[in-house]
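Visitor: Starting off with a structure, shown below.
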Amino acid sequence: MYKITAIYDNGGKTAYRYTVVLNEYVVVNGHRVYTALFLSDNPDCGQDIAQVYSSNCGEQHPGKEITLDDLPEDVQKHVIERLMQIKQGCLRPAWREYFIEIAKVVSSRSTCLRRRYGAVIVKDNVIVSTGYNGSPRGSVNCVDRGICRRKELNIPSGQRYELCEAVHAEQNAVINGSPERMKDATIYIAGFEEDNTFAEGRPCLLCGRVIRNAQIKEVVYLSKDGSIVVGEDSYLKI
């Protein structure tokens, strides 16, 4: 049974204004894991989600801890309604949460040893295509060889992509999609680290260019702190 254990006012330090923690955290592989609602200032905008949040055990939450009474009245009402929905077993995910969850499942097909990513391109709430990161068709998968050259060389994330044999999830989703259907669509991205904690889903510069060239209108990704981020226009103007 979920109950409120803490509420934070993030004050613009994260993608969402408020974080409502719904249960006591547990420690998994050195990370705190718990369920939370992430809300914006306007609860009617459809950006609230209920999902697992993960962070390092020694890391403090960036927000200021507040009480339920400190929340704006309309946000309070929304939180209470969501808790009632959870209690009654009829919590229906918002579209963004729904497609991010699908992107998580798609990531399970990844053949990368370092990080697993999944991408889903959606238009009018209908899936256009999906993609995950892995070796090109006809090549031996890194997961089958058990060797990652970039990992062996201790290359940081986001550097020396020329040494990586994998095609990124976003690129594969675009390759698999119809150009006509991708125009003005939304791409959802989710990823996991080796220890199954969330990986940063923000597209790299190259994928940003590919997304822009496919005329995809919006980028939505799962951030490392477990919140869903709606990418600003700069992603599509690289």
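Ligands are numbered from 1 in the order shown, chains are lettered A, B, ... in the order of the structure tokens, and residues start at 1 in each chain.
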Near segment 125-141 of chain A, within 7 Å and counting only C-alpha atoms, which residues show up once chain neighbours fewer than 4 positions away are dropped, as a ChimeraX atom specification?
Guide: /A:106-107,109-112,116-121,145,165-170,172-173,176-177,181
Visitor: With only C-alpha atoms as the atoms that count, which of A:Ile228, A:Ala103, A:Val21, A:Cys207 lies nearest to Tyr161 of chain A?
Guide: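 Among the listed residues, the smallest separation from Tyr161 of chain A belongs to A:Cys207.
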Visitor: Do a neighbour search on Asn213 of chain A at 12 Å with only C-alpha atoms, toss out local chain neighbours closer than 2 positions, and write the hits as a list in words.
Guide: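 Answer for this query is Gln171, Val174, Ile175, Pro179, Met182, Lys183, Asp184, Leu206, Cys207, Gly208, Arg209, Val210, Ile211, Gln215, Ile216, Lys217, Tyr235, Leu236, Lys237 and Ile238 of chain A.
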Visitor: Could you please take those selected residues and save N, CA and C atoms as a PDB file, in the first residue's frame?
Guide:
```
ATOM      1  N   GLN A 171      18.579   6.149 -33.679  1.00  0.00           N
ATOM      2  CA  GLN A 171      18.901   5.970 -35.093  1.00  0.00           C
ATOM      3  C   GLN A 171      18.160   4.770 -35.675  1.00  0.00           C
ATOM      4  N   VAL A 174      14.504   5.570 -36.229  1.00  0.00           N
ATOM      5  CA  VAL A 174      14.308   6.378 -37.429  1.00  0.00           C
ATOM      6  C   VAL A 174      14.469   5.529 -38.686  1.00  0.00           C
ATOM      7  N   ILE A 175      15.477   4.649 -38.697  1.00  0.00           N
ATOM      8  CA  ILE A 175      15.687   3.756 -39.843  1.00  0.00           C
ATOM      9  C   ILE A 175      14.456   2.887 -40.084  1.00  0.00           C
ATOM     10  N   PRO A 179       9.038   7.793 -43.344  1.00  0.00           N
ATOM     11  CA  PRO A 179       9.269   9.245 -43.320  1.00  0.00           C
ATOM     12  C   PRO A 179       7.984  10.062 -43.169  1.00  0.00           C
ATOM     13  N   MET A 182       6.783   9.831 -39.538  1.00  0.00           N
ATOM     14  CA  MET A 182       7.667  10.421 -38.528  1.00  0.00           C
ATOM     15  C   MET A 182       7.563  11.941 -38.475  1.00  0.00           C
ATOM     16  N   LYS A 183       7.117  12.564 -39.527  1.00  0.00           N
ATOM     17  CA  LYS A 183       7.019  14.024 -39.537  1.00  0.00           C
ATOM     18  C   LYS A 183       6.052  14.501 -38.463  1.00  0.00           C
ATOM     19  N   ASP A 184       6.524  15.406 -37.610  1.00  0.00           N
ATOM     20  CA  ASP A 184       5.741  15.973 -36.498  1.00  0.00           C
ATOM     21  C   ASP A 184       5.401  14.936 -35.427  1.00  0.00           C
ATOM     22  N   LEU A 206      24.731  13.593 -32.332  1.00  0.00           N
ATOM     23  CA  LEU A 206      24.485  12.935 -33.610  1.00  0.00           C
ATOM     24  C   LEU A 206      23.030  12.492 -33.715  1.00  0.00           C
ATOM     25  N   CYS A 207      22.496  11.885 -32.647  1.00  0.00           N
ATOM     26  CA  CYS A 207      21.100  11.455 -32.671  1.00  0.00           C
ATOM     27  C   CYS A 207      20.159  12.656 -32.762  1.00  0.00           C
ATOM     28  N   GLY A 208      20.566  13.769 -32.134  1.00  0.00           N
ATOM     29  CA  GLY A 208      19.765  14.982 -32.238  1.00  0.00           C
ATOM     30  C   GLY A 208      19.624  15.434 -33.682  1.00  0.00           C
ATOM     31  N   ARG A 209      20.711  15.321 -34.444  1.00  0.00           N
ATOM     32  CA  ARG A 209      20.667  15.701 -35.862  1.00  0.00           C
ATOM     33  C   ARG A 209      19.790  14.737 -36.655  1.00  0.00           C
ATOM     34  N   VAL A 210      19.909  13.441 -36.336  1.00  0.00           N
ATOM     35  CA  VAL A 210      19.084  12.435 -37.021  1.00  0.00           C
ATOM     36  C   VAL A 210      17.601  12.679 -36.740  1.00  0.00           C
ATOM     37  N   ILE A 211      17.284  12.981 -35.483  1.00  0.00           N
ATOM     38  CA  ILE A 211      15.897  13.253 -35.088  1.00  0.00           C
ATOM     39  C   ILE A 211      15.368  14.483 -35.837  1.00  0.00           C
ATOM     40  N   GLN A 215      12.390  15.078 -39.104  1.00  0.00           N
ATOM     41  CA  GLN A 215      11.306  16.032 -38.863  1.00  0.00           C
ATOM     42  C   GLN A 215      10.423  15.632 -37.677  1.00  0.00           C
ATOM     43  N   ILE A 216      11.041  14.932 -36.731  1.00  0.00           N
ATOM     44  CA  ILE A 216      10.342  14.589 -35.496  1.00  0.00           C
ATOM     45  C   ILE A 216      10.202  15.863 -34.670  1.00  0.00           C
ATOM     46  N   LYS A 217       9.021  16.083 -34.134  1.00  0.00           N
ATOM     47  CA  LYS A 217       8.698  17.363 -33.512  1.00  0.00           C
ATOM     48  C   LYS A 217       9.116  17.454 -32.055  1.00  0.00           C
ATOM     49  N   TYR A 235      17.050  20.599 -28.893  1.00  0.00           N
ATOM     50  CA  TYR A 235      17.360  19.264 -29.399  1.00  0.00           C
ATOM     51  C   TYR A 235      17.103  19.167 -30.894  1.00  0.00           C
ATOM     52  N   LEU A 236      16.130  19.930 -31.370  1.00  0.00           N
ATOM     53  CA  LEU A 236      15.739  19.838 -32.757  1.00  0.00           C
ATOM     54  C   LEU A 236      16.341  20.961 -33.590  1.00  0.00           C
ATOM     55  N   LYS A 237      17.280  21.717 -32.993  1.00  0.00           N
ATOM     56  CA  LYS A 237      17.905  22.813 -33.727  1.00  0.00           C
ATOM     57  C   LYS A 237      19.419  22.689 -33.722  1.00  0.00           C
ATOM     58  N   ILE A 238      19.887  21.462 -33.562  1.00  0.00           N
ATOM     59  CA  ILE A 238      21.342  21.225 -33.497  1.00  0.00           C
ATOM     60  C   ILE A 238      21.950  21.431 -34.886  1.00  0.00           C
TER      61      ILE A 238
END
```
Visitor: Among segment 59-206 of chain A, which residues carry a DSSP assignment of strand (DSSP E or B), reported as a ChimeraX atom specification?
Guide: /A:64-66,116-123,126-132,134,167,186-192,198
